[in-house]
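Note: the block below is start13.json and it holds JSON, C-alpha atoms and all ligand atoms.
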[["chain", "number", "residue", "atom", "x", "y", "z"],
["A", 95, "MET", "CA", -12.01, -19.88, 8.98],
["A", 96, "THR", "CA", -14.25, -18.88, 6.11],
["A", 97, "SER", "CA", -12.72, -16.24, 3.91],
["A", 98, "PRO", "CA", -14.56, -12.88, 4.29],
["A", 99, "SER", "CA", -15.57, -12.27, 0.71],
["A", 100, "ARG", "CA", -16.67, -15.89, 0.46],
["A", 101, "SER", "CA", -19.22, -15.30, 3.19],
["A", 102, "ARG", "CA", -21.68, -13.69, 0.76],
["A", 103, "GLY", "CA", -21.44, -16.76, -1.45],
["A", 104, "LEU", "CA", -20.11, -14.49, -4.12],
["A", 105, "LYS", "CA", -16.81, -15.78, -4.90],
["A", 106, "ARG", "CA", -14.36, -17.99, -6.54],
["A", 107, "GLY", "CA", -11.60, -15.39, -6.76],
["A", 108, "PHE", "CA", -9.22, -13.89, -4.24],
["A", 109, "PHE", "CA", -9.27, -10.30, -2.99],
["A", 110, "ALA", "CA", -6.02, -8.67, -1.83],
["A", 111, "THR", "CA", -5.60, -5.03, -0.85],
["A", 112, "PHE", "CA", -2.36, -3.08, -0.46],
["A", 113, "GLU", "CA", -1.97, -0.26, 2.00],
["A", 114, "GLY", "CA", 0.73, 2.01, 3.37],
["A", 115, "GLY", "CA", 1.93, 5.57, 3.49],
["A", 116, "GLU", "CA", 3.17, 7.79, 0.69],
["A", 117, "GLY", "CA", 6.24, 6.48, -1.12],
["A", 118, "SER", "CA", 5.96, 2.97, 0.28],
["A", 119, "GLY", "CA", 6.34, 1.54, -3.23],
["A", 120, "LYS", "CA", 2.87, -0.04, -3.36],
["A", 121, "THR", "CA", 2.11, 0.75, -6.96],
["A", 122, "THR", "CA", 5.40, -0.61, -8.34],
["A", 123, "GLN", "CA", 5.19, -3.69, -6.16],
["A", 124, "ILE", "CA", 1.59, -4.46, -7.14],
["A", 125, "ALA", "CA", 2.50, -4.26, -10.83],
["A", 126, "LYS", "CA", 5.36, -6.74, -10.29],
["A", 127, "LEU", "CA", 3.11, -9.06, -8.31],
["A", 128, "ALA", "CA", 0.45, -8.94, -11.03],
["A", 129, "ALA", "CA", 3.05, -9.98, -13.64],
["A", 130, "THR", "CA", 4.23, -12.89, -11.46],
["A", 131, "LEU", "CA", 0.70, -14.12, -10.83],
["A", 132, "ARG", "CA", -0.15, -13.94, -14.54],
["A", 133, "GLU", "CA", 2.98, -15.93, -15.38],
["A", 134, "ARG", "CA", 1.71, -18.57, -12.99],
["A", 135, "GLY", "CA", -1.60, -18.75, -14.83],
["A", 136, "HIS", "CA", -3.82, -16.60, -12.60],
["A", 137, "MET", "CA", -6.27, -14.14, -14.08],
["A", 138, "VAL", "CA", -5.50, -10.83, -12.38],
["A", 139, "CYS", "CA", -7.59, -7.68, -11.98],
["A", 140, "LEU", "CA", -5.31, -4.80, -11.07],
["A", 141, "THR", "CA", -7.15, -1.78, -9.73],
["A", 142, "ARG", "CA", -6.81, 1.15, -7.33],
["A", 143, "GLU", "CA", -8.63, 3.55, -5.05],
["A", 144, "PRO", "CA", -9.77, 6.19, -5.13],
["A", 145, "GLY", "CA", -10.88, 5.33, -8.66],
["A", 146, "GLY", "CA", -11.38, 2.21, -10.72],
["A", 147, "THR", "CA", -14.59, 3.22, -12.54],
["A", 148, "PRO", "CA", -15.38, 6.42, -14.51],
["A", 149, "ALA", "CA", -17.51, 7.81, -11.65],
["A", 150, "ALA", "CA", -14.94, 6.88, -9.00],
["A", 151, "ASP", "CA", -12.18, 8.41, -11.14],
["A", 152, "ALA", "CA", -14.15, 11.67, -11.23],
["A", 153, "LEU", "CA", -14.40, 11.57, -7.43],
["A", 154, "ARG", "CA", -10.65, 10.85, -7.27],
["A", 155, "GLU", "CA", -9.98, 14.07, -9.12],
["A", 156, "ILE", "CA", -12.17, 16.06, -6.71],
["A", 157, "LEU", "CA", -10.60, 14.43, -3.64],
["A", 158, "LEU", "CA", -6.92, 14.54, -4.60],
["A", 159, "SER", "CA", -7.05, 18.07, -6.00],
["A", 160, "GLY", "CA", -8.22, 19.21, -2.55],
["A", 161, "ARG", "CA", -11.49, 20.64, -3.90],
["A", 162, "ALA", "CA", -13.44, 18.68, -1.27],
["A", 163, "LYS", "CA", -11.11, 19.56, 1.62],
["A", 164, "ASP", "CA", -13.21, 22.48, 2.89],
["A", 165, "LEU", "CA", -16.25, 20.21, 3.15],
["A", 166, "GLY", "CA", -14.51, 18.42, 6.04],
["A", 167, "ALA", "CA", -13.13, 14.95, 6.67],
["A", 168, "GLU", "CA", -16.56, 13.38, 7.16],
["A", 169, "THR", "CA", -17.76, 14.47, 3.71],
["A", 170, "GLU", "CA", -14.46, 13.41, 2.19],
["A", 171, "ALA", "CA", -14.98, 9.99, 3.81],
["A", 172, "LEU", "CA", -18.45, 9.83, 2.24],
["A", 173, "LEU", "CA", -16.98, 10.66, -1.16],
["A", 174, "PHE", "CA", -14.32, 7.95, -0.81],
["A", 175, "ALA", "CA", -17.11, 5.58, 0.24],
["A", 176, "ALA", "CA", -19.28, 6.53, -2.75],
["A", 177, "GLY", "CA", -16.40, 5.83, -5.13],
["A", 178, "ARG", "CA", -15.69, 2.55, -3.34],
["A", 179, "ARG", "CA", -19.29, 1.43, -3.67],
["A", 180, "ASP", "CA", -19.22, 1.97, -7.44],
["A", 181, "HIS", "CA", -15.81, 0.30, -7.68],
["A", 182, "ILE", "CA", -17.01, -2.77, -5.77],
["A", 183, "GLU", "CA", -20.15, -3.19, -7.87],
["A", 184, "GLY", "CA", -18.55, -2.32, -11.20],
["A", 185, "VAL", "CA", -15.12, -3.92, -10.97],
["A", 186, "ILE", "CA", -14.28, -5.90, -7.82],
["A", 187, "LEU", "CA", -17.32, -8.16, -7.50],
["A", 188, "PRO", "CA", -17.52, -9.00, -11.22],
["A", 189, "ALA", "CA", -13.81, -9.94, -11.19],
["A", 190, "LEU", "CA", -14.21, -12.10, -8.05],
["A", 191, "ARG", "CA", -17.20, -13.82, -9.62],
["A", 192, "ARG", "CA", -15.06, -14.61, -12.67],
["A", 193, "GLY", "CA", -12.54, -16.25, -10.32],
["A", 194, "GLU", "CA", -9.85, -13.60, -10.72],
["A", 195, "VAL", "CA", -7.24, -12.46, -8.22],
["A", 196, "VAL", "CA", -8.14, -8.83, -7.48],
["A", 197, "LEU", "CA", -5.19, -6.65, -6.43],
["A", 198, "CYS", "CA", -6.41, -3.30, -5.16],
["A", 199, "ASP", "CA", -4.04, -0.41, -4.46],
["A", 200, "ARG", "CA", -5.65, 1.03, -1.26],
["A", 201, "PHE", "CA", -9.11, 0.19, 0.05],
["A", 202, "HIS", "CA", -11.15, 0.70, 3.24],
["A", 203, "ASP", "CA", -8.12, 0.75, 5.58],
["A", 204, "SER", "CA", -7.01, 3.99, 3.91],
["A", 205, "THR", "CA", -10.33, 5.58, 4.89],
["A", 206, "ARG", "CA", -9.98, 4.22, 8.42],
["A", 207, "VAL", "CA", -6.50, 5.76, 8.65],
["A", 208, "TYR", "CA", -6.61, 8.99, 6.60],
["A", 209, "GLN", "CA", -10.17, 10.10, 7.40],
["A", 210, "GLY", "CA", -10.63, 8.14, 10.65],
["A", 211, "SER", "CA", -7.68, 7.72, 13.04],
["A", 212, "VAL", "CA", -5.80, 10.72, 11.67],
["A", 213, "GLY", "CA", -8.59, 12.74, 10.00],
["A", 214, "GLY", "CA", -10.82, 12.79, 13.06],
["A", 215, "VAL", "CA", -13.98, 11.11, 11.73],
["A", 216, "ALA", "CA", -15.54, 9.16, 14.61],
["A", 217, "PRO", "CA", -15.14, 5.37, 14.45],
["A", 218, "GLU", "CA", -18.92, 4.91, 14.83],
["A", 219, "ALA", "CA", -19.62, 7.12, 11.80],
["A", 220, "LEU", "CA", -16.97, 5.28, 9.75],
["A", 221, "ALA", "CA", -18.38, 1.90, 10.79],
["A", 222, "VAL", "CA", -21.83, 2.88, 9.48],
["A", 223, "MET", "CA", -20.37, 4.13, 6.18],
["A", 224, "GLU", "CA", -18.23, 1.02, 5.86],
["A", 225, "ALA", "CA", -21.13, -1.37, 6.44],
["A", 226, "ALA", "CA", -23.25, 0.43, 3.84],
["A", 227, "THR", "CA", -20.38, 0.52, 1.34],
["A", 228, "LEU", "CA", -18.87, -2.92, 1.65],
["A", 229, "GLU", "CA", -21.99, -5.00, 2.33],
["A", 230, "GLY", "CA", -19.87, -7.93, 3.46],
["A", 231, "VAL", "CA", -17.15, -7.64, 0.81],
["A", 232, "ALA", "CA", -13.82, -7.70, 2.62],
["A", 233, "PRO", "CA", -10.25, -8.42, 1.60],
["A", 234, "ASP", "CA", -8.97, -11.98, 2.03],
["A", 235, "LEU", "CA", -5.55, -10.44, 2.58],
["A", 236, "THR", "CA", -4.24, -6.94, 3.23],
["A", 237, "VAL", "CA", -0.56, -6.26, 2.67],
["A", 238, "ILE", "CA", 0.64, -3.23, 4.60],
["A", 239, "LEU", "CA", 3.89, -1.79, 3.27],
["A", 240, "ASP", "CA", 5.53, -0.16, 6.24],
["A", 241, "ILE", "CA", 8.05, 2.64, 5.84],
["A", 242, "PRO", "CA", 9.23, 5.53, 8.06],
["A", 243, "ALA", "CA", 7.37, 8.70, 7.03],
["A", 244, "GLU", "CA", 10.58, 10.58, 6.26],
["A", 245, "VAL", "CA", 11.87, 7.91, 3.88],
["A", 246, "GLY", "CA", 8.49, 7.54, 2.15],
["A", 247, "LEU", "CA", 8.07, 11.29, 1.69],
["A", 248, "ARG", "CA", 11.56, 11.57, 0.21],
["A", 249, "ARG", "CA", 10.78, 8.78, -2.26],
["A", 250, "ALA", "CA", 7.40, 10.31, -3.15],
["A", 251, "SER", "CA", 9.02, 13.67, -3.79],
["A", 252, "LEU", "CA", 11.69, 12.12, -6.08],
["A", 253, "ARG", "CA", 8.98, 10.24, -8.00],
["A", 254, "ARG", "CA", 6.89, 13.38, -8.40],
["A", 255, "GLY", "CA", 9.69, 15.54, -9.80],
["A", 256, "ASP", "CA", 8.32, 19.00, -10.57],
["A", 257, "ALA", "CA", 4.66, 18.02, -10.18],
["A", 258, "LEU", "CA", 2.73, 19.35, -7.16],
["A", 259, "ALA", "CA", 2.07, 17.13, -4.13],
["A", 260, "ASP", "CA", -1.60, 16.11, -3.85],
["A", 261, "ARG", "CA", -3.97, 17.09, -1.03],
["A", 262, "PHE", "CA", -2.80, 14.27, 1.27],
["A", 263, "GLU", "CA", 0.88, 14.09, 0.31],
["A", 264, "SER", "CA", 1.37, 17.76, 1.09],
["A", 265, "GLU", "CA", 0.38, 17.45, 4.75],
["A", 266, "PRO", "CA", 2.94, 17.78, 7.59],
["A", 267, "LYS", "CA", 5.31, 14.92, 8.40],
["A", 268, "THR", "CA", 3.76, 14.34, 11.85],
["A", 269, "LEU", "CA", 0.48, 13.38, 10.15],
["A", 270, "HIS", "CA", 2.32, 10.88, 7.96],
["A", 271, "GLU", "CA", 3.92, 9.40, 11.07],
["A", 272, "GLN", "CA", 0.48, 9.07, 12.69],
["A", 273, "ARG", "CA", -0.82, 7.34, 9.57],
["A", 274, "ARG", "CA", 2.01, 4.83, 9.72],
["A", 275, "ALA", "CA", 1.17, 4.07, 13.37],
["A", 276, "ALA", "CA", -2.53, 3.76, 12.51],
["A", 277, "PHE", "CA", -1.87, 1.19, 9.76],
["A", 278, "LEU", "CA", 0.26, -0.82, 12.19],
["A", 279, "GLN", "CA", -2.58, -0.70, 14.75],
["A", 280, "ILE", "CA", -5.00, -2.13, 12.19],
["A", 281, "ALA", "CA", -2.52, -4.93, 11.47],
["A", 282, "ALA", "CA", -2.20, -5.67, 15.19],
["A", 283, "ARG", "CA", -5.98, -5.75, 15.60],
["A", 284, "GLU", "CA", -6.58, -7.98, 12.56],
["A", 285, "PRO", "CA", -3.55, -10.27, 12.29],
["A", 286, "GLU", "CA", -5.43, -12.94, 10.31],
["A", 287, "ARG", "CA", -6.20, -10.51, 7.50],
["A", 288, "CYS", "CA", -3.12, -8.29, 7.55],
["A", 289, "VAL", "CA", 0.55, -8.89, 6.78],
["A", 290, "VAL", "CA", 3.04, -6.10, 7.50],
["A", 291, "ILE", "CA", 6.05, -5.95, 5.19],
["A", 292, "ASP", "CA", 9.08, -3.77, 5.85],
["A", 293, "ALA", "CA", 9.25, -1.62, 2.71],
["A", 294, "ASN", "CA", 12.45, 0.14, 3.75],
["A", 295, "ARG", "CA", 14.60, -2.50, 2.02],
["A", 296, "ASP", "CA", 15.67, -3.10, -1.55],
["A", 297, "ALA", "CA", 12.80, -3.58, -3.98],
["A", 298, "GLU", "CA", 13.66, -7.22, -4.83],
["A", 299, "THR", "CA", 13.56, -8.31, -1.18],
["A", 300, "VAL", "CA", 10.23, -6.55, -0.63],
["A", 301, "GLU", "CA", 8.88, -8.10, -3.84],
["A", 302, "ALA", "CA", 9.90, -11.60, -2.70],
["A", 303, "ASP", "CA", 8.19, -11.17, 0.67],
["A", 304, "ILE", "CA", 4.98, -9.90, -0.90],
["A", 305, "ARG", "CA", 4.98, -12.73, -3.42],
["A", 306, "ALA", "CA", 5.45, -15.34, -0.68],
["A", 307, "ALA", "CA", 2.65, -13.89, 1.48],
["A", 308, "VAL", "CA", 0.18, -13.66, -1.40],
["A", 309, "LEU", "CA", 0.92, -17.08, -2.88],
["A", 310, "GLU", "CA", 0.60, -18.71, 0.52],
["A", 311, "ARG", "CA", -2.81, -17.11, 1.13],
["A", 312, "ILE", "CA", -4.07, -17.94, -2.32],
["A", 313, "ALA", "CA", -3.06, -21.57, -1.78],
["A", 314, "SER", "CA", -4.80, -21.80, 1.59],
["A", 315, "SER", "CA", -7.89, -20.12, 0.18],
["A", 316, "SER", "CA", -8.08, -22.74, -2.62],
["A", 317, "GLU", "CA", -7.77, -25.48, 0.00],
["A", 318, "GLU", "CA", -10.72, -23.91, 1.85],
["A", 319, "ASP", "CA", -12.70, -24.00, -1.39],
["A", 320, "THR", "CA", -11.90, -27.66, -1.91],
["A", 321, "GLU", "CA", -12.87, -28.49, 1.68],
["A", 322, "ALA", "CA", -16.11, -26.51, 1.36],
["A", 323, "LYS", "CA", -17.01, -28.42, -1.81],
["A", 324, "GLY", "CA", -16.25, -31.67, 0.05],
["A", 325, "ASP", "CA", -18.63, -30.57, 2.84],
["A", 326, "VAL", "CA", -21.42, -29.98, 0.35],
["A", 327, "ALA", "CA", -20.86, -33.24, -1.55],
["B", 1, "LIG", "P1", -2.46, 8.09, -4.85],
["B", 1, "LIG", "O1", -1.86, 9.06, -5.82],
["B", 1, "LIG", "O2", -3.20, 6.94, -5.38],
["B", 1, "LIG", "O3", -1.35, 7.77, -3.81],
["B", 1, "LIG", "P2", -0.55, 6.55, -3.32],
["B", 1, "LIG", "O4", 0.44, 6.24, -4.40],
["B", 1, "LIG", "O5", 0.05, 7.07, -2.06],
["B", 1, "LIG", "O6", -1.55, 5.43, -3.06],
["B", 1, "LIG", "O7", -3.38, 8.94, -3.88],
["B", 1, "LIG", "C1", -4.31, 8.44, -3.05],
["B", 1, "LIG", "C2", -4.38, 9.37, -1.85],
["B", 1, "LIG", "O8", -5.71, 9.32, -1.30],
["B", 1, "LIG", "C3", -3.42, 8.95, -0.76],
["B", 1, "LIG", "O9", -2.80, 10.11, -0.24],
["B", 1, "LIG", "C4", -4.33, 8.37, 0.29],
["B", 1, "LIG", "C5", -5.64, 9.04, 0.08],
["B", 1, "LIG", "N1", -6.81, 8.22, 0.44],
["B", 1, "LIG", "C6", -7.60, 8.59, 1.51],
["B", 1, "LIG", "O10", -7.33, 9.61, 2.15],
["B", 1, "LIG", "N2", -8.70, 7.83, 1.83],
["B", 1, "LIG", "C7", -9.03, 6.72, 1.13],
["B", 1, "LIG", "O11", -10.04, 6.03, 1.45],
["B", 1, "LIG", "C8", -8.21, 6.33, 0.01],
["B", 1, "LIG", "C9", -8.56, 5.13, -0.81],
["B", 1, "LIG", "C10", -7.11, 7.13, -0.29]]
Could you write out this file's structure as structure tokens?
Ligand code: TYD
Amino acid sequence: MTSPSRSRGLKRGFFATFEGGEGSGKTTQIAKLAATLRERGHMVCLTREPGGTPAADALREILLSGRAKDLGAETEALLFAAGRRDHIEGVILPALRRGEVVLCDRFHDSTRVYQGSVGGVAPEALAVMEAATLEGVAPDLTVILDIPAEVGLRRASLRRGDALADRFESEPKTLHEQRRAAFLQIAAREPERCVVIDANRDAETVEADIRAAVLERIASSSEEDTEAKGDVA
């Protein structure tokens, strides 16, 4: 199978996204993975959504503060998409073209889950936005860190301390449970792209599983590259 982001002939790098509910430990785990990959000689671009460029960071502030909430889920989805478009053009594609491993904390699956399955934006509308935003750029691998909503929310609240929960964190637990189910549905629909990792275990075990999944995919993607070069020669 040809890797998705290779299909636009744009790539030598590897694109991995990380998804999951609040408090799933994504951010900590991605930082550890980045350090491991660098030790092994990979160039790594560590980035996140919403955000990643100055314009997308400005949109992040508007979205997470809740200032866009009254505009409705569809407009919020458009704002996430606008930030993503800038992030792809300004950060993700240049890094892939340089041959880097791009590790992105949340990407289009978060829009599908938060604004789509749970937020109520119609799948057809999301599909149109997604096509216009991604233009064929898709993750080679998506790691979904799965955790019961209650456990994740407890962890997120401990991490936050006295700071206020953001617009999405502060929503009722039932919504967080629906988000968890929606991420698992995506994984079931796209098993070749997605790997689900049980994040309700000690951090070292989760880290080892993520590392194994990512290294295995990077290795098979380099084999694909070698085979493709052989085909051309
Ligand atoms: P962030 O502080 O980065 O949270 P986390 O550590 O949980 O990733 O906040 C990002 C929030 O934005 C998170 O609640 C999920 C939400 N979000 C969407 O609703 N749609 C999207 O497309 C993206 C990328 C994020």
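Residues with any atom within 9 Å of region 216-218 of chain A, counting all atoms listed in the file and excluding same-chain neighbours fewer than 5 positions away, are Glu168, Arg206, Gly210, Ser211 and Met223 of chain A.
Among A:Leu172, A:Val196, A:Arg261, A:Pro233, the residue with the shortest atom-to-atom distance to Ala219 (chain A), counting all atoms listed in the file, is A:Leu172.
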For ligand LIG 1 (chain B), which of A:Met137, A:Glu224, A:Asp234, A:Leu190 is the closest residue, counting only C-alpha atoms and all ligand atoms?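 Closest residue, counting only C-alpha atoms and all ligand atoms: A:Glu224.
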Could you pull out the residues sitting within 7 Å of ligand LIG 1 (chain B), using only C-alpha atoms and all ligand atoms, and write them as a PyMOL selection string? chain A and resi 115-117+120-121+143-144+158+171+174+199-205+208-209+262-263
Calculate, to one decimal in Å, the centre and edge lengths of the box along x, y and z of the file that holds all listed atoms of region 158-177 of chain A with 6 Å of margin on each side, and present them as AutoDock Vina command-line options.
--center_x -13.1 --center_y 14.0 --center_z 0.6 --size_x 24.4 --size_y 28.9 --size_z 25.2
Length of the CA of Leu309 (chain A) to CA of Leu127 (chain A) vector [Å]: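 CA of Leu127 (chain A) lies 9.9 Å from CA of Leu309 (chain A).
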Rank A:Leu252, A:Val237, A:Val300, A:Leu197 by their smallest atom-to-atom distance to Pro285 (chain A), using only C-alpha atoms, and report the top residue only.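 Looking only at the distances to Pro285 (chain A), the closest residue turns out to be A:Val237.
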Select, from A:Ala313, A:Ala167, A:Ala293, A:Leu173, the residue with the minimum atom-to-atom distance to Asp240 (chain A), counting all atoms listed in the file.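 That would be A:Ala293, the residue with the smallest distance to Asp240 (chain A).
Going from CA of Gly114 (chain A) to CA of Pro242 (chain A) covers 10.3 Å.
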Residue with the minimum atom-to-atom distance to Glu265 (chain A), picked from A:Ile241, A:Val308, A:Asp319, A:Val212 with only C-alpha atoms counted, is A:Val212
Selection: 10 Å around His181 (chain A), only C-alpha atoms, excl. self and same-chain fewer than 2 positions, as a list in words: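 Near neighbours after the sequence-gap exclusion: Thr141, Arg142, Glu143, Pro144, Gly145, Gly146, Thr147, Pro148, Ala149, Ala150, Asp151, Ala175, Ala176, Gly177, Arg178, Arg179, Glu183, Gly184, Val185, Ile186 and Leu187 of chain A.
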Output for the residues just chosen: C-alpha atoms as an mmCIF file, in the frame of the given file:
data_model
loop_
_atom_site.group_PDB
_atom_site.id
_atom_site.type_symbol
_atom_site.label_atom_id
_atom_site.label_comp_id
_atom_site.auth_asym_id
_atom_site.auth_seq_id
_atom_site.Cartn_x
_atom_site.Cartn_y
_atom_site.Cartn_z
ATOM 1 C CA THR A 141 -7.150 -1.780 -9.730
ATOM 2 C CA ARG A 142 -6.810 1.150 -7.330
ATOM 3 C CA GLU A 143 -8.630 3.550 -5.050
ATOM 4 C CA PRO A 144 -9.770 6.190 -5.130
ATOM 5 C CA GLY A 145 -10.880 5.330 -8.660
ATOM 6 C CA GLY A 146 -11.380 2.210 -10.720
ATOM 7 C CA THR A 147 -14.590 3.220 -12.540
ATOM 8 C CA PRO A 148 -15.380 6.420 -14.510
ATOM 9 C CA ALA A 149 -17.510 7.810 -11.650
ATOM 10 C CA ALA A 150 -14.940 6.880 -9.000
ATOM 11 C CA ASP A 151 -12.180 8.410 -11.140
ATOM 12 C CA ALA A 175 -17.110 5.580 0.240
ATOM 13 C CA ALA A 176 -19.280 6.530 -2.750
ATOM 14 C CA GLY A 177 -16.400 5.830 -5.130
ATOM 15 C CA ARG A 178 -15.690 2.550 -3.340
ATOM 16 C CA ARG A 179 -19.290 1.430 -3.670
ATOM 17 C CA GLU A 183 -20.150 -3.190 -7.870
ATOM 18 C CA GLY A 184 -18.550 -2.320 -11.200
ATOM 19 C CA VAL A 185 -15.120 -3.920 -10.970
ATOM 20 C CA ILE A 186 -14.280 -5.900 -7.820
ATOM 21 C CA LEU A 187 -17.320 -8.160 -7.500
#
Nearest to Ala281 (chain A) by atom-to-atom distance, counting all atoms listed in the file, from A:Val207, A:Ala162, A:Val245, A:Ala306: A:Val207
